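Novice: Dropping a structure here in structure tokens format, bear with me for questions.
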There are 2 protein chains.
Amino acid sequence: MKSLSVLGATGSIGCQTLDVVAAHPESFRVVALTAGRNIDRLAEQTRRFRPELVVVGDAEDAAEAVERMPPGTRVLHGRDGLIAAARHDDASMVVCGLVGAVGIEPVYAAVDAGKDVALANKEALVAAGAFVMARAAATGAAVLPVDSEHNALHQCLRGEDPRSIKTLWLTASGGPLREVPLRELASITPERALAHPTWVMGRKITIDSATLMNKGLEVIEARWLFDVGADRIKVLIHPKSIVHSLVEFADGSWKAQLGSADMRHPIQYALTHPERLPSSRPPFDLLAAGPLAFEAPDPERFPCLPLAYEALARGGAAPAVLNAANEVAVEAFLERRAGLLDIPAVIRQALERHGDNPSATLDDILAADRKARETAVHVLACGVKP
Amino acid sequence: MKSLSVLGATGSIGCQTLDVVAAHPESFRVVALTAGRNIDRLAEQTRRFRPELVVVGDAEDAAEAVERMPPGTRVLHGRDGLIAAARHDDASMVVCGLVGAVGIEPVYAAVDAGKDVALANKEALVAAGAFVMARAAATGAAVLPVDSEHNALHQCLRGEDPRSIKTLWLTASGGPLREVPLRELASITPERALAHPTWVMGRKITIDSATLMNKGLEVIEARWLFDVGADRIKVLIHPKSIVHSLVEFADGSWKAQLGSADMRHPIQYALTHPERLPSSRPPFDLLAAGPLAFEAPDPERFPCLPLAYEALARGGAAPAVLNAANEVAVEAFLERRAGLLDIPAVIRQALERHGDNPSATLDDILAADRKARETAVHVLACGVKP
């Protein structure tokens, strides 16, 4: 039986993680749950899964949570609460469904404490992959990817010698804007960019899917997860999201992982690895899926993707800067304070300004993240250069 | 460095095996080569690869071969020669590219001697899978499938617990007759049935691809190779022959192996396993391949496929009978002594007559094989009941 600490329990990944837990009560127990503002859902989850610890956003939320959680539930809040959940003595695995750079420190804390991590948070690897993976290697913590793409690569690489990898091929649905005329991209509304054709996900990641920044972040993530250079990580558009990713080996053989576009599958894989437990989800029907098509991504339509490769090539704090500027710009886009094409423009300016910041420590990375956010806010306030 | 004994060296699999050996001279040496009648090609191969032993079909061929092989080459012939090549003291691996039931005894001899076998011969497992696999398990010999489909399954199962297999999905191109109107099947010529759309293979296996008997034999083979029941082995038509097969796991995840339709890939995989050496073949281009489509096989068009499942369900010697009757009927079809639809009819009659023969020993299997051949010859001579 694995004991789970679930960070970001009330979000999309957190809720689906608890679906998997509920389907396999003999395999998992929950020792900690963390949430941001959604105390209602956290209270419901806490009644059901009886964690020893819950963590909420701030002191005010904590005061409310103390009233509403079952008696005896310990309540913490903020950054320190997240770190406590990540290092929880009774947790054998930490599931990180936190969205954004807020995930960096808890993920580092979890691997530092030797906990296996089921990782759905991209930013911990995008911004701090070198630190997280080195620390995990030192403590023996496993980092199991929940992202369907990296999860697919992890599955394809089971039993394989990493030295035989020729290329990691990440698939991307291409999102809702794959076929929109290029001239319309500047005036795309958040509603339209949020209408993802295949995956149901949180708002931030859905916009990242529309710009392909999501795939750019995944390229960086894959670089650290699998210790493979950027020249050997490539992206394919695969609109149906059935083939979740592929590995090309040195001997000319390719392996692919495929299945329904349902995050409960990769979540369960990460939670149960190396075992594969029966799924409670409907079986995947390859015949019903229809032909599987692949195409090359168009860099003109998706300028965020080459920006991610650029950040990886710059190295150091540049991916953290890319990610931070993107977070700020996506938020502005969702709040209608910026257009879709402002997103790559803001990132480009942040990279120009902070792309060569030092990155000797995790604190340097976090500082670069903060500076990039300030720059992005400033650029958005003063008008974005196209 | 692996030392290879190559059975059936002058056939399609044998020649491609030697292509792989030639591309990796640092990894392989050849200790024995066997051929049937093609002494010209065997002499050429022997000059190039310098085996200690060559084996030819009969005493007359052997007399010719002694003259034409490099001095010092030992020459044997017939069944005993094949067995000697299969048990060769210096061989660490036996590559079996023999076509037909003639492969059964040498493959058994090889695993009995503890040699790893790279197996392209289907019949050894179809007819005698229970014996071959039990003996291999006892001696510690590995059986590495060369058939692209089983090779694909082997790759997908690396690092996986066999208990987590839900279904093995074998792909079939559907062959050259997939879209021929059903009423034309009775009058199909050998030339048309030999025009395989994707794979370049020997004549017997190409006809078996046109009838899907090839896939039926592979279902039986998979049953023994992977110790999975027939109810968990299924067939999909995939006309492009790019996805070579797939595994569906208990947790709802599928894995596929894909690449060019070039037998040198699975041959090299079997020869170098568990390593993957660089390939000298052109890289596979998924974008150029176009969409990948799958469909269910039509049992009316391909009656040999349900016959194979029936033989597996009967068990014992029934698969040997199926295979033997098919060999005789395919030969008759290639020699224009029978029509395409006579093939399943002959098999059906042989199964009715011999499908419940005993199979306590390998000799029982070989006897059932002989009787089924006699019956098939008789049925063909006396007129096939449709």
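Ordering of the structure tokens sets the chain letters (A, B, ...), residue numbers begin anew at 1 in every chain, and ligands are numbered from 1 in the order given.
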Pick out the chain A residues within 7 Å of chain B. Count only C-alpha atoms. Give them as an MDAnalysis selection string.
Specialist: chainID A and resid 158:159 164 250:259 265 276:279 283:284 287 290:295
Novice: Neighbouring residues of Asp364 of chain B were defined as those with any atom within 12 Å, considering only C-alpha atoms; residues of the same chain fewer than 4 positions away were excluded. Please report them as an NGL selection string.
Specialist: :B and (127-128 or 131 or 316-318 or 320-321 or 354 or 356-360 or 368-371)
Novice: For the residues in the current selection, export N, CA, C and O atoms as a PDB file, in the first residue's frame.
Specialist:
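Result file follows (part_25.pdb):
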ATOM      1  N   ALA B 127       3.645 -26.009 -34.620  1.00  0.00           N
ATOM      2  CA  ALA B 127       3.420 -27.446 -34.464  1.00  0.00           C
ATOM      3  C   ALA B 127       3.884 -27.950 -33.099  1.00  0.00           C
ATOM      4  O   ALA B 127       3.264 -28.834 -32.528  1.00  0.00           O
ATOM      5  N   ALA B 128       4.970 -27.391 -32.604  1.00  0.00           N
ATOM      6  CA  ALA B 128       5.621 -27.992 -31.436  1.00  0.00           C
ATOM      7  C   ALA B 128       5.947 -26.953 -30.370  1.00  0.00           C
ATOM      8  O   ALA B 128       6.904 -27.107 -29.608  1.00  0.00           O
ATOM      9  N   PHE B 131       6.502 -28.106 -26.757  1.00  0.00           N
ATOM     10  CA  PHE B 131       7.756 -28.835 -26.534  1.00  0.00           C
ATOM     11  C   PHE B 131       8.965 -27.891 -26.590  1.00  0.00           C
ATOM     12  O   PHE B 131       9.850 -27.953 -25.744  1.00  0.00           O
ATOM     13  N   GLY B 316      -3.266 -29.957 -28.859  1.00  0.00           N
ATOM     14  CA  GLY B 316      -2.519 -31.141 -29.235  1.00  0.00           C
ATOM     15  C   GLY B 316      -1.857 -30.981 -30.588  1.00  0.00           C
ATOM     16  O   GLY B 316      -1.170 -29.993 -30.845  1.00  0.00           O
ATOM     17  N   ALA B 317      -2.090 -31.970 -31.470  1.00  0.00           N
ATOM     18  CA  ALA B 317      -1.435 -31.960 -32.771  1.00  0.00           C
ATOM     19  C   ALA B 317      -2.200 -31.131 -33.805  1.00  0.00           C
ATOM     20  O   ALA B 317      -1.738 -30.987 -34.946  1.00  0.00           O
ATOM     21  N   ALA B 318      -3.357 -30.599 -33.430  1.00  0.00           N
ATOM     22  CA  ALA B 318      -4.189 -29.915 -34.428  1.00  0.00           C
ATOM     23  C   ALA B 318      -3.447 -28.767 -35.137  1.00  0.00           C
ATOM     24  O   ALA B 318      -3.539 -28.646 -36.367  1.00  0.00           O
ATOM     25  N   ALA B 320      -0.315 -28.588 -35.788  1.00  0.00           N
ATOM     26  CA  ALA B 320       0.629 -29.219 -36.720  1.00  0.00           C
ATOM     27  C   ALA B 320      -0.105 -29.683 -37.968  1.00  0.00           C
ATOM     28  O   ALA B 320       0.399 -29.561 -39.091  1.00  0.00           O
ATOM     29  N   VAL B 321      -1.303 -30.214 -37.784  1.00  0.00           N
ATOM     30  CA  VAL B 321      -2.123 -30.675 -38.903  1.00  0.00           C
ATOM     31  C   VAL B 321      -2.523 -29.489 -39.791  1.00  0.00           C
ATOM     32  O   VAL B 321      -2.395 -29.532 -41.015  1.00  0.00           O
ATOM     33  N   HIS B 354      -7.627 -35.512 -38.709  1.00  0.00           N
ATOM     34  CA  HIS B 354      -6.487 -35.724 -37.799  1.00  0.00           C
ATOM     35  C   HIS B 354      -6.435 -34.747 -36.632  1.00  0.00           C
ATOM     36  O   HIS B 354      -5.450 -34.718 -35.899  1.00  0.00           O
ATOM     37  N   ASP B 356      -7.655 -34.576 -33.827  1.00  0.00           N
ATOM     38  CA  ASP B 356      -7.618 -35.044 -32.440  1.00  0.00           C
ATOM     39  C   ASP B 356      -6.545 -36.115 -32.212  1.00  0.00           C
ATOM     40  O   ASP B 356      -6.608 -36.867 -31.240  1.00  0.00           O
ATOM     41  N   ASN B 357      -5.549 -36.160 -33.124  1.00  0.00           N
ATOM     42  CA  ASN B 357      -4.437 -37.106 -32.924  1.00  0.00           C
ATOM     43  C   ASN B 357      -3.733 -36.840 -31.596  1.00  0.00           C
ATOM     44  O   ASN B 357      -3.728 -35.712 -31.116  1.00  0.00           O
ATOM     45  N   PRO B 358      -3.098 -37.855 -31.019  1.00  0.00           N
ATOM     46  CA  PRO B 358      -2.387 -37.628 -29.762  1.00  0.00           C
ATOM     47  C   PRO B 358      -1.142 -36.751 -29.996  1.00  0.00           C
ATOM     48  O   PRO B 358      -0.671 -36.622 -31.124  1.00  0.00           O
ATOM     49  N   SER B 359      -0.677 -36.150 -28.937  1.00  0.00           N
ATOM     50  CA  SER B 359       0.499 -35.287 -29.057  1.00  0.00           C
ATOM     51  C   SER B 359       1.302 -35.326 -27.766  1.00  0.00           C
ATOM     52  O   SER B 359       1.696 -34.310 -27.240  1.00  0.00           O
ATOM     53  N   ALA B 360       1.545 -36.531 -27.294  1.00  0.00           N
ATOM     54  CA  ALA B 360       2.272 -36.659 -26.027  1.00  0.00           C
ATOM     55  C   ALA B 360       3.758 -36.408 -26.204  1.00  0.00           C
ATOM     56  O   ALA B 360       4.441 -36.024 -25.255  1.00  0.00           O
ATOM     57  N   ALA B 368       1.743 -36.735 -36.870  1.00  0.00           N
ATOM     58  CA  ALA B 368       0.509 -36.043 -37.262  1.00  0.00           C
ATOM     59  C   ALA B 368       0.776 -35.152 -38.470  1.00  0.00           C
ATOM     60  O   ALA B 368      -0.049 -35.060 -39.396  1.00  0.00           O
ATOM     61  N   ASP B 369       1.925 -34.503 -38.467  1.00  0.00           N
ATOM     62  CA  ASP B 369       2.330 -33.677 -39.610  1.00  0.00           C
ATOM     63  C   ASP B 369       2.358 -34.528 -40.880  1.00  0.00           C
ATOM     64  O   ASP B 369       1.791 -34.146 -41.903  1.00  0.00           O
ATOM     65  N   ARG B 370       2.998 -35.710 -40.806  1.00  0.00           N
ATOM     66  CA  ARG B 370       3.094 -36.569 -41.998  1.00  0.00           C
ATOM     67  C   ARG B 370       1.719 -37.042 -42.463  1.00  0.00           C
ATOM     68  O   ARG B 370       1.397 -36.995 -43.642  1.00  0.00           O
ATOM     69  N   LYS B 371       0.903 -37.475 -41.521  1.00  0.00           N
ATOM     70  CA  LYS B 371      -0.433 -37.961 -41.902  1.00  0.00           C
ATOM     71  C   LYS B 371      -1.271 -36.849 -42.526  1.00  0.00           C
ATOM     72  O   LYS B 371      -2.012 -37.078 -43.474  1.00  0.00           O
TER      73      LYS B 371
END
Novice: With only C-alpha atoms as the basis for distance, which of B:Asp58, B:Glu331, B:Glu123, B:Asp80 is at the shortest distance from Leu366 of chain B?
Specialist: B:Glu123
Novice: With only C-alpha atoms as the atoms that count, which of A:Asp40, A:Asp208, A:Glu179, A:Asp116 lies nearest to Leu194 of chain A?
Specialist: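 Nearest candidate to Leu194 of chain A out of A:Asp40, A:Asp208, A:Glu179, A:Asp116: A:Asp208.
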Novice: Give me the residues near Leu7 of chain A as a PyMOL selection string, where near means some atom within 7 Å (using only C-alpha atoms) and where sequence neighbours in that chain fewer than 5 positions away do not count.
Specialist: chain A and resi 33-34+95-98
Novice: Output the selection as a PDB file, in the first residue's frame - all heavy atoms for each residue.
Specialist:
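selection_14.pdb, written as the output of this step:
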ATOM      1  N   LEU A  33      -3.393  16.362   1.875  1.00  0.00           N
ATOM      2  CA  LEU A  33      -4.027  16.996   0.712  1.00  0.00           C
ATOM      3  C   LEU A  33      -3.746  18.492   0.799  1.00  0.00           C
ATOM      4  O   LEU A  33      -3.851  19.078   1.886  1.00  0.00           O
ATOM      5  CB  LEU A  33      -5.546  16.770   0.725  1.00  0.00           C
ATOM      6  CG  LEU A  33      -6.063  15.354   0.516  1.00  0.00           C
ATOM      7  CD1 LEU A  33      -7.593  15.307   0.711  1.00  0.00           C
ATOM      8  CD2 LEU A  33      -5.705  14.842  -0.882  1.00  0.00           C
ATOM      9  N   THR A  34      -3.423  19.101  -0.337  1.00  0.00           N
ATOM     10  CA  THR A  34      -3.257  20.557  -0.316  1.00  0.00           C
ATOM     11  C   THR A  34      -4.151  21.193  -1.367  1.00  0.00           C
ATOM     12  O   THR A  34      -4.417  20.605  -2.418  1.00  0.00           O
ATOM     13  CB  THR A  34      -1.789  21.000  -0.572  1.00  0.00           C
ATOM     14  OG1 THR A  34      -1.576  21.133  -1.984  1.00  0.00           O
ATOM     15  CG2 THR A  34      -0.785  20.025   0.020  1.00  0.00           C
ATOM     16  N   VAL A  95       2.246  13.280  -4.944  1.00  0.00           N
ATOM     17  CA  VAL A  95       1.653  13.573  -6.249  1.00  0.00           C
ATOM     18  C   VAL A  95       1.609  15.087  -6.369  1.00  0.00           C
ATOM     19  O   VAL A  95       0.967  15.756  -5.542  1.00  0.00           O
ATOM     20  CB  VAL A  95       0.224  13.005  -6.359  1.00  0.00           C
ATOM     21  CG1 VAL A  95      -0.356  13.296  -7.739  1.00  0.00           C
ATOM     22  CG2 VAL A  95       0.212  11.507  -6.061  1.00  0.00           C
ATOM     23  N   CYS A  96       2.287  15.618  -7.374  1.00  0.00           N
ATOM     24  CA  CYS A  96       2.314  17.074  -7.487  1.00  0.00           C
ATOM     25  C   CYS A  96       1.464  17.536  -8.658  1.00  0.00           C
ATOM     26  O   CYS A  96       1.884  17.488  -9.811  1.00  0.00           O
ATOM     27  CB  CYS A  96       3.733  17.613  -7.604  1.00  0.00           C
ATOM     28  SG  CYS A  96       3.684  19.409  -7.615  1.00  0.00           S
ATOM     29  N   GLY A  97       0.259  17.985  -8.342  1.00  0.00           N
ATOM     30  CA  GLY A  97      -0.641  18.532  -9.347  1.00  0.00           C
ATOM     31  C   GLY A  97      -0.730  20.042  -9.257  1.00  0.00           C
ATOM     32  O   GLY A  97      -1.658  20.631  -9.812  1.00  0.00           O
ATOM     33  N   LEU A  98       0.232  20.651  -8.578  1.00  0.00           N
ATOM     34  CA  LEU A  98       0.260  22.122  -8.496  1.00  0.00           C
ATOM     35  C   LEU A  98       0.488  22.693  -9.889  1.00  0.00           C
ATOM     36  O   LEU A  98       1.230  22.131 -10.686  1.00  0.00           O
ATOM     37  CB  LEU A  98       1.388  22.578  -7.574  1.00  0.00           C
ATOM     38  CG  LEU A  98       1.260  22.153  -6.102  1.00  0.00           C
ATOM     39  CD1 LEU A  98       2.573  22.457  -5.360  1.00  0.00           C
ATOM     40  CD2 LEU A  98       0.089  22.880  -5.439  1.00  0.00           C
TER      41      LEU A  98
END
Novice: Just asking: which residues within segment 255-337 of chain B are strand (DSSP E) according to DSSP, as a list in words?
Specialist: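 Those residues are Lys255, Ala256, Gln257 and Leu258 of chain B.
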Novice: Residues of segment 28-209 of chain A in alpha helix (DSSP H) according to DSSP, as a PyMOL selection string?
Specialist: chain A and resi 39-49+59-68+78-86+104-112+123-139+148-156+190-194+203-209
Novice: List the neighbours of segment 181-184 of chain B out to 12 Å using only C-alpha atoms; skip same-chain residues closer than 6 positions along the sequence, and give me the result as a list of chain:residue names.
Specialist: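 Non-adjacent residues within range: B:Arg192, B:Ala193, B:Asp298, B:Pro299, B:Glu300, B:Arg301, B:Phe302, B:Pro303, B:Gly339, B:Leu340, B:Leu341.
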Novice: Would you please work out which residue, of B:Glu64, B:Glu310, B:Asp112, B:Asp342, is nearest to Leu380 of chain B when using only C-alpha atoms?
Specialist: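 Among the listed residues, the smallest separation from Leu380 of chain B belongs to B:Asp342.
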Novice: Using only C-alpha atoms, which residues sit within 6 Å of segment 226-234 of chain B once same-chain residues fewer than 3 positions away are excluded, as a list in words?
Specialist: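 So the residues in contact are Thr167, Leu168, Trp169, Ala222 and Arg223 of chain B.
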Novice: List as a ChimeraX atom specification the protein and nucleic acid residues near Leu305 of chain A, meaning an atom at most 10 Å away when only C-alpha atoms are counted, but skip any in the same chain fewer than 5 places from it.
Specialist: /A:211-219,235,297-300,310,344
Novice: Using N, CA, C and O atoms, can you export the residues from the last selection as a JSON list (two decimals), in the first residue's frame?
Specialist:
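That gives us result_13.json:
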[["chain", "number", "residue", "atom", "x", "y", "z"],
["A", 211, "THR", "N", -1.07, 27.48, -27.78],
["A", 211, "THR", "CA", 0.12, 28.17, -28.31],
["A", 211, "THR", "C", 1.27, 27.21, -28.59],
["A", 211, "THR", "O", 2.28, 27.60, -29.15],
["A", 212, "LEU", "N", 1.12, 25.95, -28.18],
["A", 212, "LEU", "CA", 2.18, 24.95, -28.20],
["A", 212, "LEU", "C", 3.30, 25.25, -27.20],
["A", 212, "LEU", "O", 4.32, 24.56, -27.16],
["A", 213, "MET", "N", 3.13, 26.29, -26.35],
["A", 213, "MET", "CA", 4.10, 26.48, -25.28],
["A", 213, "MET", "C", 4.11, 25.27, -24.36],
["A", 213, "MET", "O", 5.15, 24.88, -23.83],
["A", 214, "ASN", "N", 2.95, 24.66, -24.21],
["A", 214, "ASN", "CA", 2.88, 23.43, -23.42],
["A", 214, "ASN", "C", 3.89, 22.40, -23.93],
["A", 214, "ASN", "O", 4.60, 21.77, -23.15],
["A", 215, "LYS", "N", 3.96, 22.28, -25.24],
["A", 215, "LYS", "CA", 4.89, 21.30, -25.82],
["A", 215, "LYS", "C", 6.33, 21.78, -25.65],
["A", 215, "LYS", "O", 7.24, 20.98, -25.41],
["A", 216, "GLY", "N", 6.52, 23.10, -25.74],
["A", 216, "GLY", "CA", 7.85, 23.64, -25.51],
["A", 216, "GLY", "C", 8.33, 23.34, -24.09],
["A", 216, "GLY", "O", 9.47, 22.92, -23.87],
["A", 217, "LEU", "N", 7.44, 23.53, -23.13],
["A", 217, "LEU", "CA", 7.78, 23.21, -21.74],
["A", 217, "LEU", "C", 8.06, 21.71, -21.60],
["A", 217, "LEU", "O", 8.98, 21.30, -20.88],
["A", 218, "GLU", "N", 7.31, 20.92, -22.33],
["A", 218, "GLU", "CA", 7.51, 19.47, -22.25],
["A", 218, "GLU", "C", 8.85, 19.04, -22.86],
["A", 218, "GLU", "O", 9.45, 18.06, -22.42],
["A", 219, "VAL", "N", 9.28, 19.75, -23.89],
["A", 219, "VAL", "CA", 10.60, 19.46, -24.46],
["A", 219, "VAL", "C", 11.66, 19.67, -23.38],
["A", 219, "VAL", "O", 12.55, 18.83, -23.17],
["A", 235, "VAL", "N", 9.04, 17.30, -31.88],
["A", 235, "VAL", "CA", 7.59, 17.43, -31.66],
["A", 235, "VAL", "C", 6.84, 17.09, -32.95],
["A", 235, "VAL", "O", 7.25, 17.50, -34.04],
["A", 297, "PRO", "N", 4.99, 20.49, -36.81],
["A", 297, "PRO", "CA", 4.44, 21.75, -36.31],
["A", 297, "PRO", "C", 4.96, 22.94, -37.14],
["A", 297, "PRO", "O", 6.09, 22.94, -37.58],
["A", 298, "ASP", "N", 4.10, 23.93, -37.33],
["A", 298, "ASP", "CA", 4.45, 25.11, -38.12],
["A", 298, "ASP", "C", 4.99, 26.19, -37.17],
["A", 298, "ASP", "O", 4.24, 26.71, -36.34],
["A", 299, "PRO", "N", 6.26, 26.55, -37.27],
["A", 299, "PRO", "CA", 6.84, 27.51, -36.32],
["A", 299, "PRO", "C", 6.24, 28.91, -36.45],
["A", 299, "PRO", "O", 6.27, 29.69, -35.49],
["A", 300, "GLU", "N", 5.67, 29.21, -37.60],
["A", 300, "GLU", "CA", 5.04, 30.53, -37.75],
["A", 300, "GLU", "C", 3.74, 30.60, -36.95],
["A", 300, "GLU", "O", 3.44, 31.59, -36.28],
["A", 310, "GLU", "N", 14.96, 27.72, -27.76],
["A", 310, "GLU", "CA", 15.97, 28.77, -27.56],
["A", 310, "GLU", "C", 16.35, 28.85, -26.07],
["A", 310, "GLU", "O", 17.54, 28.95, -25.73],
["A", 344, "PRO", "N", 4.03, 35.19, -27.01],
["A", 344, "PRO", "CA", 5.44, 35.01, -27.42],
["A", 344, "PRO", "C", 6.24, 36.31, -27.36],
["A", 344, "PRO", "O", 7.44, 36.29, -27.07]]
Novice: Please compute the atom CA of Pro25 of chain A-atom CA of Trp199 of chain A distance, one decimal, in Å.
Specialist: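 According to the coordinates, atom CA of Pro25 of chain A and atom CA of Trp199 of chain A are separated by 26.5 Å.
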Novice: Show me, as number ranges by chain, the residues that have an atom within 9 Å of Leu351 of chain A when counting only C-alpha atoms, minus same-chain residues fewer than 2 positions from it.
Specialist: A: 307, 311, 318-319, 321-322, 325, 346-349, 353-356, 372
Novice: Given the choices B:Thr139, B:Ser12, B:Ser209, B:Thr375, which gets closest to Val330 of chain B if the distance is worked out from only C-alpha atoms?
Specialist: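 Looking only at the distances to Val330 of chain B, the closest residue turns out to be B:Ser209.
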